[in-house]
file target_1.cif (mmCIF, C-alpha atoms and all ligand atoms)
data_query
#
loop_
_atom_site.label_atom_id
_atom_site.label_comp_id
_atom_site.auth_asym_id
_atom_site.auth_seq_id
_atom_site.Cartn_x
_atom_site.Cartn_y
_atom_site.Cartn_z
CA MET C 1 -13.49 -6.49 0.44
CA ARG C 2 -10.99 -7.93 -2.01
CA ILE C 3 -7.30 -7.25 -1.46
CA ILE C 4 -4.76 -8.22 -4.13
CA PHE C 5 -1.07 -7.81 -3.43
CA LEU C 6 0.38 -6.61 -6.74
CA GLY C 7 3.79 -6.36 -5.09
CA THR C 8 5.21 -7.11 -1.65
CA ALA C 9 8.88 -6.00 -1.68
CA ALA C 10 10.50 -2.97 -0.07
CA ALA C 11 12.40 -0.48 -2.23
CA VAL C 12 14.67 -3.22 -3.60
CA SER C 13 12.70 -5.83 -5.51
CA THR C 14 13.85 -9.45 -5.84
CA SER C 15 13.32 -12.21 -8.38
CA ASN C 16 10.19 -13.19 -6.38
CA ARG C 17 8.83 -9.87 -5.21
CA ASP C 18 8.21 -6.47 -6.81
CA ASN C 19 7.76 -3.20 -4.88
CA THR C 20 4.68 -3.08 -2.69
CA SER C 21 1.34 -2.05 -4.12
CA ILE C 22 -2.17 -3.17 -3.26
CA LEU C 23 -5.38 -3.33 -5.25
CA LEU C 24 -8.24 -2.88 -2.82
CA ASP C 25 -11.50 -3.48 -4.70
CA ASP C 26 -11.26 -0.74 -7.39
CA LEU C 27 -8.75 1.43 -5.53
CA LEU C 28 -5.03 1.15 -6.27
CA ILE C 29 -2.76 1.91 -3.32
CA ASP C 30 0.71 2.94 -4.54
CA CYS C 31 1.97 2.56 -8.04
CA PRO C 32 5.41 1.06 -8.65
CA GLY C 33 6.37 -0.94 -11.74
CA ASN C 34 3.97 -2.40 -14.23
CA VAL C 35 0.81 -2.44 -12.13
CA PHE C 36 -1.31 -2.37 -15.32
CA GLY C 37 0.18 -5.70 -16.46
CA LYS C 38 -0.19 -7.20 -13.00
CA MET C 39 -3.85 -6.20 -12.78
CA LYS C 40 -4.37 -7.99 -16.11
CA LYS C 41 -2.50 -11.01 -14.78
CA VAL C 42 -4.86 -11.36 -11.81
CA GLY C 43 -7.92 -10.99 -14.05
CA TYR C 44 -8.78 -7.41 -13.10
CA ASP C 45 -9.67 -4.91 -15.81
CA PRO C 46 -7.55 -1.78 -15.12
CA LEU C 47 -10.17 0.38 -16.84
CA LYS C 48 -12.41 -0.24 -13.81
CA LEU C 49 -10.09 1.63 -11.45
CA GLN C 50 -11.97 4.22 -9.40
CA GLY C 51 -8.95 5.88 -7.84
CA VAL C 52 -5.23 5.77 -7.21
CA LEU C 53 -3.78 6.67 -3.85
CA ILE C 54 -0.06 7.36 -3.49
CA THR C 55 0.80 7.08 0.20
CA HIS C 56 4.07 9.02 -0.07
CA GLY C 57 6.58 10.28 -2.57
CA HIS C 58 9.34 7.68 -2.26
CA ILE C 59 10.23 6.27 -5.63
CA ASP C 60 9.17 2.68 -4.86
CA HIS C 61 5.61 3.93 -4.28
CA ILE C 62 5.11 6.23 -7.25
CA TYR C 63 7.42 5.55 -10.19
CA GLY C 64 4.87 3.55 -12.20
CA LEU C 65 2.22 6.29 -12.15
CA PRO C 66 3.02 8.02 -15.50
CA SER C 67 3.17 4.64 -17.23
CA LEU C 68 -0.12 3.47 -15.69
CA ILE C 69 -1.89 6.62 -16.89
CA GLU C 70 -0.43 6.25 -20.39
CA MET C 71 -1.51 2.59 -20.57
CA LEU C 72 -5.04 3.50 -19.45
CA ARG C 73 -5.16 6.23 -22.11
CA LEU C 74 -3.96 3.91 -24.86
CA SER C 75 -6.50 1.31 -23.73
CA GLY C 76 -9.34 3.75 -24.30
CA ARG C 77 -10.21 5.01 -20.84
CA LYS C 78 -12.53 8.02 -21.02
CA LYS C 79 -13.72 8.22 -17.39
CA PRO C 80 -11.88 10.74 -15.18
CA LEU C 81 -9.51 9.20 -12.63
CA THR C 82 -8.84 10.65 -9.19
CA VAL C 83 -5.24 10.41 -8.02
CA TYR C 84 -4.67 11.24 -4.35
CA VAL C 85 -1.18 12.44 -3.45
CA GLY C 86 0.23 13.89 -0.25
CA GLN C 87 0.74 17.65 -0.23
CA HIS C 88 4.45 17.13 0.47
CA PHE C 89 5.07 15.85 -3.08
CA TYR C 90 2.01 17.13 -4.91
CA GLU C 91 3.99 19.61 -7.04
CA LEU C 92 6.58 16.97 -7.91
CA THR C 93 3.86 14.57 -9.04
CA ARG C 94 2.15 17.27 -11.08
CA TYR C 95 5.47 18.15 -12.73
CA CYS C 96 6.22 14.48 -13.51
CA LEU C 97 2.83 14.04 -15.18
CA GLU C 98 3.07 17.34 -17.05
CA ILE C 99 6.40 16.33 -18.59
CA TYR C 100 4.54 13.55 -20.42
CA ASP C 101 1.47 15.73 -21.08
CA LEU C 102 -0.65 13.32 -19.03
CA LEU C 103 -2.74 16.02 -17.35
CA ASN C 104 -4.20 17.16 -20.66
CA PRO C 105 -7.78 15.73 -20.81
CA GLU C 106 -7.85 16.17 -24.60
CA LYS C 107 -5.29 13.39 -24.86
CA GLY C 108 -7.70 10.84 -23.40
CA PHE C 109 -9.21 11.31 -19.97
CA GLU C 110 -9.07 13.72 -17.08
CA ILE C 111 -6.72 13.14 -14.15
CA MET C 112 -8.07 14.78 -11.02
CA LEU C 113 -4.95 15.22 -8.92
CA LYS C 114 -5.95 15.78 -5.29
CA SER C 115 -3.53 17.07 -2.70
CA ILE C 116 -4.08 15.50 0.72
CA SER C 117 -2.81 16.62 4.09
CA TYR C 118 -1.11 14.38 6.63
CA GLU C 119 -3.82 14.23 9.23
CA GLU C 120 -6.71 11.98 10.15
CA GLN C 121 -9.36 12.27 7.47
CA LEU C 122 -11.89 10.42 5.36
CA LEU C 123 -10.27 10.05 1.93
CA PHE C 124 -12.58 7.91 -0.14
CA LYS C 125 -16.03 6.43 0.19
CA ASN C 126 -18.26 4.38 -2.06
CA SER C 127 -21.23 2.11 -1.43
CA SER C 128 -19.09 -0.68 0.04
CA ILE C 129 -15.99 0.82 1.72
CA SER C 130 -14.76 3.94 3.52
CA VAL C 131 -11.05 4.72 3.53
CA PHE C 132 -9.70 6.84 6.38
CA ALA C 133 -6.13 8.14 6.42
CA PHE C 134 -3.89 8.72 9.43
CA PRO C 135 -0.28 9.92 9.73
CA VAL C 136 2.48 7.37 10.34
CA ARG C 137 6.14 7.78 11.28
CA HIS C 138 8.43 7.57 8.25
CA SER C 139 11.42 9.56 6.97
CA VAL C 140 9.03 11.75 4.96
CA PRO C 141 5.37 12.56 5.71
CA ASN C 142 3.32 9.46 5.05
CA LEU C 143 -0.18 8.08 5.54
CA GLY C 144 -1.59 4.81 6.79
CA LEU C 145 -5.10 3.73 5.88
CA LYS C 146 -8.02 2.28 7.79
CA ILE C 147 -10.55 0.69 5.47
CA GLN C 148 -13.99 -0.15 6.79
CA SER C 149 -16.75 -2.15 5.18
CA PHE C 150 -19.99 -3.46 6.69
CA GLN C 151 -18.26 -6.73 7.57
CA SER C 152 -14.68 -5.86 8.47
CA THR C 153 -11.90 -3.42 9.22
CA VAL C 154 -8.54 -3.59 7.46
CA VAL C 155 -5.56 -1.37 8.29
CA TYR C 156 -2.58 -0.74 6.02
CA THR C 157 0.41 1.17 7.39
CA SER C 158 2.49 1.88 4.28
CA ASP C 159 6.11 2.71 5.32
CA THR C 160 6.49 3.42 9.02
CA GLU C 161 8.50 2.82 12.14
CA PRO C 162 6.72 0.66 14.70
CA CYS C 163 4.81 3.21 16.69
CA GLU C 164 2.63 2.86 19.78
CA ASP C 165 0.66 5.93 18.72
CA LEU C 166 -0.72 3.82 15.88
CA VAL C 167 -2.25 1.19 18.16
CA LYS C 168 -5.50 3.15 18.39
CA PHE C 169 -5.91 2.76 14.61
CA PHE C 170 -5.01 -0.95 14.63
CA SER C 171 -7.29 -1.90 17.51
CA ASP C 172 -9.44 -4.94 16.86
CA ALA C 173 -8.83 -4.89 13.07
CA GLU C 174 -9.60 -8.17 11.31
CA LEU C 175 -6.52 -7.65 9.17
CA LEU C 176 -3.45 -5.51 9.78
CA ILE C 177 -1.22 -5.16 6.72
CA HIS C 178 2.02 -3.78 8.11
CA GLU C 179 5.31 -3.02 6.48
CA SER C 180 8.21 -5.22 7.59
CA THR C 181 11.31 -4.04 5.82
CA CYS C 182 13.58 -5.61 8.41
CA SER C 183 13.82 -8.35 11.01
CA TYR C 184 16.25 -8.70 13.90
CA LEU C 185 16.87 -12.23 12.62
CA TYR C 186 18.36 -11.16 9.30
CA THR C 187 18.99 -7.41 9.17
CA ARG C 188 19.80 -4.38 11.22
CA ARG C 189 17.00 -2.04 12.24
CA MET C 190 16.35 0.65 9.63
CA GLU C 191 15.26 4.15 10.52
CA GLY C 192 11.77 4.96 9.26
CA HIS C 193 10.88 1.28 8.85
CA SER C 194 9.75 -1.65 10.99
CA CYS C 195 11.27 -4.92 12.10
CA ALA C 196 8.80 -7.82 11.94
CA GLU C 197 9.26 -8.68 15.63
CA ASP C 198 8.19 -5.17 16.75
CA VAL C 199 5.22 -5.32 14.39
CA ALA C 200 4.14 -8.66 15.84
CA ARG C 201 4.24 -7.22 19.38
CA LEU C 202 2.14 -4.23 18.33
CA ALA C 203 -0.35 -6.52 16.58
CA GLN C 204 -0.72 -8.62 19.73
CA PHE C 205 -1.20 -5.51 21.86
CA SER C 206 -3.82 -4.21 19.40
CA ASN C 207 -5.80 -7.44 19.41
CA VAL C 208 -5.81 -7.76 15.60
CA LYS C 209 -6.94 -11.11 14.23
CA THR C 210 -4.60 -11.55 11.28
CA LEU C 211 -1.22 -9.93 10.69
CA CYS C 212 -0.02 -9.63 7.12
CA LEU C 213 3.55 -8.49 6.41
CA VAL C 214 4.52 -6.65 3.22
CA HIS C 215 7.27 -4.27 2.01
CA LEU C 216 9.79 -7.01 2.79
CA GLY C 217 13.48 -6.25 2.55
CA PRO C 218 15.49 -8.47 0.17
CA GLU C 219 17.24 -10.18 3.12
CA ILE C 220 13.89 -11.64 4.22
CA ASP C 221 12.97 -13.02 0.81
CA SER C 222 12.88 -16.86 0.81
CA LYS C 223 13.09 -16.96 4.62
CA GLU C 224 9.38 -16.37 5.19
CA THR C 225 8.64 -19.70 6.90
CA ASP C 226 11.40 -19.22 9.49
CA LEU C 227 10.27 -15.68 10.10
CA VAL C 228 6.64 -16.70 10.69
CA ASP C 229 7.83 -19.37 13.18
CA GLU C 230 9.89 -16.74 14.99
CA LEU C 231 6.97 -14.30 15.18
CA LYS C 232 4.63 -16.83 16.80
CA GLN C 233 6.23 -16.08 20.17
CA TYR C 234 5.08 -12.43 19.88
CA PHE C 235 1.73 -12.70 18.12
CA LEU C 236 -0.88 -15.38 18.79
CA GLY C 237 -3.17 -14.67 15.83
CA LYS C 238 -2.74 -15.73 12.23
CA ILE C 239 0.40 -14.50 10.41
CA LEU C 240 0.54 -14.18 6.64
CA ILE C 241 3.42 -13.23 4.37
CA PRO C 242 1.72 -13.01 0.97
CA ASN C 243 3.43 -13.61 -2.33
CA ASP C 244 3.01 -11.18 -5.20
CA LEU C 245 -0.43 -11.53 -6.82
CA ASP C 246 -1.93 -13.31 -3.79
CA ARG C 247 -5.40 -12.20 -2.77
CA ILE C 248 -7.44 -12.04 0.41
CA ILE C 249 -11.21 -11.78 0.52
CA ILE C 250 -12.39 -10.42 3.83
ZN ZN X 301 8.75 1.99 0.49
ZN ZN X 302 9.10 5.20 1.98
#
call {"tool": "encode", "arguments": {"input": "target_1.cif", "output": "structure tokens"}}
result
Amino acid sequence: MRIIFLGTAAAVSTSNRDNTSILLDDLLIDCPGNVFGKMKKVGYDPLKLQGVLITHGHIDHIYGLPSLIEMLRLSGRKKPLTVYVGQHFYELTRYCLEIYDLLNPEKGFEIMLKSISYEEQLLFKNSSISVFAFPVRHSVPNLGLKIQSFQSTVVYTSDTEPCEDLVKFFSDAELLIHESTCSYLYTRRMEGHSCAEDVARLAQFSNVKTLCLVHLGPEIDSKETDLVDELKQYFLGKILIPNDLDRIII
């Protein structure tokens, strides 16, 4: 499994970090900013995308979608593309894409917009990975993802409060990619989001091997080394805070 962090910031980007999105093999998870350009930058051909999954309708997770589709069209994509969106903002997404006439297959390629419910389910499967979704605790309905390959299990939370109910999904994962918008060291706690210290405790309790923090608030930017040192008292495994465009092969 190849994971590339196209962005790692929370809703407010910084000079170092853009809003969080992840390229997992040929599946794009969330679509802020110029993900097309960033895929090119890391040497990935965006025309190979098999699907786009929008975890929830907050602007930092979806605002690049019309632009991505337009860039794929102008680059000659002909293959249909499946876009998974939560039922809570399905109509809004459809409306946004219709405004720019992006759902018209005659203009290039077909967008198969799939409404997904906020419950445990298998979302996507190909010959190498299966992607299961599960509900998390955010200010709007939102989904976390458990990705399984023959070799490993990776869990991505998207935006969520730290939640003991999620431990059953994290258990024994090789890699837990958890949002960490705040930290008691630098910020106040934010409703609907997680402080890094609480995440580290949950990761320890869940016996995950490596904890990877993304969706970082701007107050944390440039303080990553101090934060990792602080978290070592809560989590004994490996702690990563990736930079934008970093990759993990697992
Ligand atoms: Zn967010
Ligand atoms: Zn959000």
call {"tool": "residues_near_point", "arguments": {"input": "target_1.cif", "point": "(13.2, -15.4, 4.2)", "cutoff": "12 Å", "atoms": "all atoms listed in the file", "output": "PDB file with C-alpha atoms, in the coordinates of the input"}}
result
ATOM      1  CA  ALA C   9       8.880  -6.000  -1.680  1.00  0.00           C
ATOM      2  CA  THR C  14      13.850  -9.450  -5.840  1.00  0.00           C
ATOM      3  CA  ASN C  16      10.190 -13.190  -6.380  1.00  0.00           C
ATOM      4  CA  ARG C  17       8.830  -9.870  -5.210  1.00  0.00           C
ATOM      5  CA  SER C 180       8.210  -5.220   7.590  1.00  0.00           C
ATOM      6  CA  THR C 181      11.310  -4.040   5.820  1.00  0.00           C
ATOM      7  CA  CYS C 182      13.580  -5.610   8.410  1.00  0.00           C
ATOM      8  CA  SER C 183      13.820  -8.350  11.010  1.00  0.00           C
ATOM      9  CA  LEU C 185      16.870 -12.230  12.620  1.00  0.00           C
ATOM     10  CA  TYR C 186      18.360 -11.160   9.300  1.00  0.00           C
ATOM     11  CA  THR C 187      18.990  -7.410   9.170  1.00  0.00           C
ATOM     12  CA  ALA C 196       8.800  -7.820  11.940  1.00  0.00           C
ATOM     13  CA  LEU C 216       9.790  -7.010   2.790  1.00  0.00           C
ATOM     14  CA  GLY C 217      13.480  -6.250   2.550  1.00  0.00           C
ATOM     15  CA  PRO C 218      15.490  -8.470   0.170  1.00  0.00           C
ATOM     16  CA  GLU C 219      17.240 -10.180   3.120  1.00  0.00           C
ATOM     17  CA  ILE C 220      13.890 -11.640   4.220  1.00  0.00           C
ATOM     18  CA  ASP C 221      12.970 -13.020   0.810  1.00  0.00           C
ATOM     19  CA  SER C 222      12.880 -16.860   0.810  1.00  0.00           C
ATOM     20  CA  LYS C 223      13.090 -16.960   4.620  1.00  0.00           C
ATOM     21  CA  GLU C 224       9.380 -16.370   5.190  1.00  0.00           C
ATOM     22  CA  THR C 225       8.640 -19.700   6.900  1.00  0.00           C
ATOM     23  CA  ASP C 226      11.400 -19.220   9.490  1.00  0.00           C
ATOM     24  CA  LEU C 227      10.270 -15.680  10.100  1.00  0.00           C
ATOM     25  CA  VAL C 228       6.640 -16.700  10.690  1.00  0.00           C
ATOM     26  CA  ASP C 229       7.830 -19.370  13.180  1.00  0.00           C
ATOM     27  CA  GLU C 230       9.890 -16.740  14.990  1.00  0.00           C
ATOM     28  CA  ILE C 241       3.420 -13.230   4.370  1.00  0.00           C
ATOM     29  CA  ASN C 243       3.430 -13.610  -2.330  1.00  0.00           C
TER      30      ASN C 243
END
call {"tool": "residues_near_ligand", "arguments": {"input": "target_1.cif", "ligand": "ligand ZN 302 (chain X)", "cutoff": "10 Å", "atoms": "all atoms listed in the file", "output": "NGL selection string"}}
result
:C and (10-11 or 55-61 or 138-142 or 158-160 or 192-193 or 215)
call {"tool": "residues_around", "arguments": {"input": "target_1.cif", "residues": "Gly43 in chain C", "least_positions_apart": "6", "cutoff": "12 Å", "atoms": "all atoms listed in the file", "output": "list in words"}}
result
Ile4, Leu6, Leu23, Phe36, Gly37, Leu245 and Arg247 of chain C
call {"tool": "residues_near_point", "arguments": {"input": "target_1.cif", "point": "(-5.3, 3.5, -7.1)", "cutoff": "10 Å", "atoms": "all atoms listed in the file", "output": "PyMOL selection string"}}
result
chain C and resi 21-31+35+46+49-54+65+81-84
call {"tool": "atom_distance", "arguments": {"input": "target_1.cif", "atom1": "CA of Gln204 in chain C", "atom2": "CA of Glu164 in chain C"}}
result
12.0 Å
call {"tool": "residues_around", "arguments": {"input": "target_1.cif", "residues": "range 109-114 of chain C", "least_positions_apart": "4", "cutoff": "8 Å", "atoms": "all atoms listed in the file", "output": "PyMOL selection string"}}
result
chain C and resi 73+77-85+94+102-105
call {"tool": "atom_distance", "arguments": {"input": "target_1.cif", "atom1": "CA of Val214 in chain C", "atom2": "CA of Ile177 in chain C"}}
result
6.9 Å
call {"tool": "closest_residue", "arguments": {"input": "target_1.cif", "among": "C:Ser75, C:Gln121, C:Thr157, C:Gln233", "to": "ligand ZN 301 (chain X)", "atoms": "all atoms listed in the file"}}
result
C:Thr157
call {"tool": "atom_distance", "arguments": {"input": "target_1.cif", "atom1": "CA of Ile249 in chain C", "atom2": "CA of Thr210 in chain C"}}
result
12.6 Å
call {"tool": "closest_residue", "arguments": {"input": "target_1.cif", "among": "C:Glu179, C:Glu91, C:Asp246, C:Asp172", "to": "ligand ZN 301 (chain X)", "atoms": "all atoms listed in the file"}}
result
C:Glu179
call {"tool": "closest_residue", "arguments": {"input": "target_1.cif", "among": "C:Phe205, C:Phe170, C:Phe235, C:Phe134", "to": "Ile116 in chain C", "atoms": "only C-alpha atoms"}}
result
C:Phe134
call {"tool": "build_atoms", "arguments": {"input": "target_1.cif", "residues": "range 136-169 of chain C", "atoms": "N, CA and C atoms", "output": "compact mmCIF listing (two decimals), in the coordinates of the input"}}
result
# COMPACT_ATOMS: atom_id res chain seq x y z
N VAL C 136 1.57 8.36 9.75
CA VAL C 136 2.48 7.37 10.34
C VAL C 136 3.87 7.99 10.48
N ARG C 137 4.83 7.21 10.98
CA ARG C 137 6.14 7.78 11.28
C ARG C 137 7.20 7.23 10.32
N HIS C 138 7.46 7.99 9.27
CA HIS C 138 8.43 7.57 8.25
C HIS C 138 9.46 8.70 8.09
N SER C 139 10.40 8.53 7.17
CA SER C 139 11.42 9.56 6.97
C SER C 139 10.89 10.76 6.20
N VAL C 140 9.74 10.61 5.57
CA VAL C 140 9.03 11.75 4.96
C VAL C 140 7.57 11.62 5.42
N PRO C 141 6.78 12.69 5.32
CA PRO C 141 5.37 12.56 5.71
C PRO C 141 4.70 11.41 4.95
N ASN C 142 3.92 10.64 5.66
CA ASN C 142 3.32 9.46 5.05
C ASN C 142 1.99 9.14 5.74
N LEU C 143 1.15 8.40 5.02
CA LEU C 143 -0.18 8.08 5.54
C LEU C 143 -0.41 6.58 5.62
N GLY C 144 -1.03 6.16 6.71
CA GLY C 144 -1.59 4.81 6.79
C GLY C 144 -3.07 4.90 6.47
N LEU C 145 -3.70 3.75 6.29
CA LEU C 145 -5.10 3.73 5.88
C LEU C 145 -5.90 2.76 6.73
N LYS C 146 -7.09 3.18 7.11
CA LYS C 146 -8.02 2.28 7.79
C LYS C 146 -9.23 2.14 6.88
N ILE C 147 -9.50 0.93 6.46
CA ILE C 147 -10.55 0.69 5.47
C ILE C 147 -11.68 -0.07 6.16
N GLN C 148 -12.86 0.50 6.11
CA GLN C 148 -13.99 -0.15 6.79
C GLN C 148 -15.09 -0.51 5.80
N SER C 149 -15.56 -1.74 5.93
CA SER C 149 -16.75 -2.15 5.18
C SER C 149 -17.80 -2.56 6.21
N PHE C 150 -18.95 -3.03 5.74
CA PHE C 150 -19.99 -3.46 6.69
C PHE C 150 -19.48 -4.64 7.52
N GLN C 151 -18.66 -5.49 6.90
CA GLN C 151 -18.26 -6.73 7.57
C GLN C 151 -16.95 -6.61 8.34
N SER C 152 -16.03 -5.75 7.91
CA SER C 152 -14.68 -5.86 8.47
C SER C 152 -13.90 -4.54 8.43
N THR C 153 -12.81 -4.55 9.20
CA THR C 153 -11.90 -3.42 9.22
C THR C 153 -10.49 -3.92 8.86
N VAL C 154 -9.89 -3.25 7.88
CA VAL C 154 -8.54 -3.59 7.46
C VAL C 154 -7.69 -2.33 7.62
N VAL C 155 -6.47 -2.51 8.13
CA VAL C 155 -5.56 -1.37 8.29
C VAL C 155 -4.30 -1.65 7.49
N TYR C 156 -3.84 -0.64 6.77
CA TYR C 156 -2.58 -0.74 6.02
C TYR C 156 -1.68 0.41 6.45
N THR C 157 -0.45 0.12 6.83
CA THR C 157 0.41 1.17 7.39
C THR C 157 1.21 1.94 6.36
N SER C 158 1.44 1.37 5.17
CA SER C 158 2.49 1.88 4.28
C SER C 158 3.81 1.90 5.07
N ASP C 159 4.78 2.74 4.68
CA ASP C 159 6.11 2.71 5.32
C ASP C 159 6.07 3.45 6.66
N THR C 160 6.50 2.77 7.70
CA THR C 160 6.49 3.42 9.02
C THR C 160 7.42 2.70 9.99
N GLU C 161 7.87 3.46 10.98
CA GLU C 161 8.50 2.82 12.14
C GLU C 161 7.39 2.19 12.98
N PRO C 162 7.73 1.17 13.77
CA PRO C 162 6.72 0.66 14.70
C PRO C 162 6.40 1.77 15.71
N CYS C 163 5.16 2.01 15.95
CA CYS C 163 4.81 3.21 16.69
C CYS C 163 3.59 2.95 17.56
N GLU C 164 3.76 3.13 18.87
CA GLU C 164 2.63 2.86 19.78
C GLU C 164 1.46 3.81 19.56
N ASP C 165 1.76 4.98 19.01
CA ASP C 165 0.66 5.93 18.72
C ASP C 165 -0.32 5.36 17.70
N LEU C 166 0.13 4.36 16.94
CA LEU C 166 -0.72 3.82 15.88
C LEU C 166 -1.69 2.75 16.40
N VAL C 167 -1.45 2.30 17.62
CA VAL C 167 -2.25 1.19 18.16
C VAL C 167 -3.74 1.52 18.13
N LYS C 168 -4.07 2.77 18.37
CA LYS C 168 -5.50 3.15 18.39
C LYS C 168 -6.15 2.93 17.02
N PHE C 169 -5.35 3.01 15.94
CA PHE C 169 -5.91 2.76 14.61
C PHE C 169 -5.97 1.25 14.30
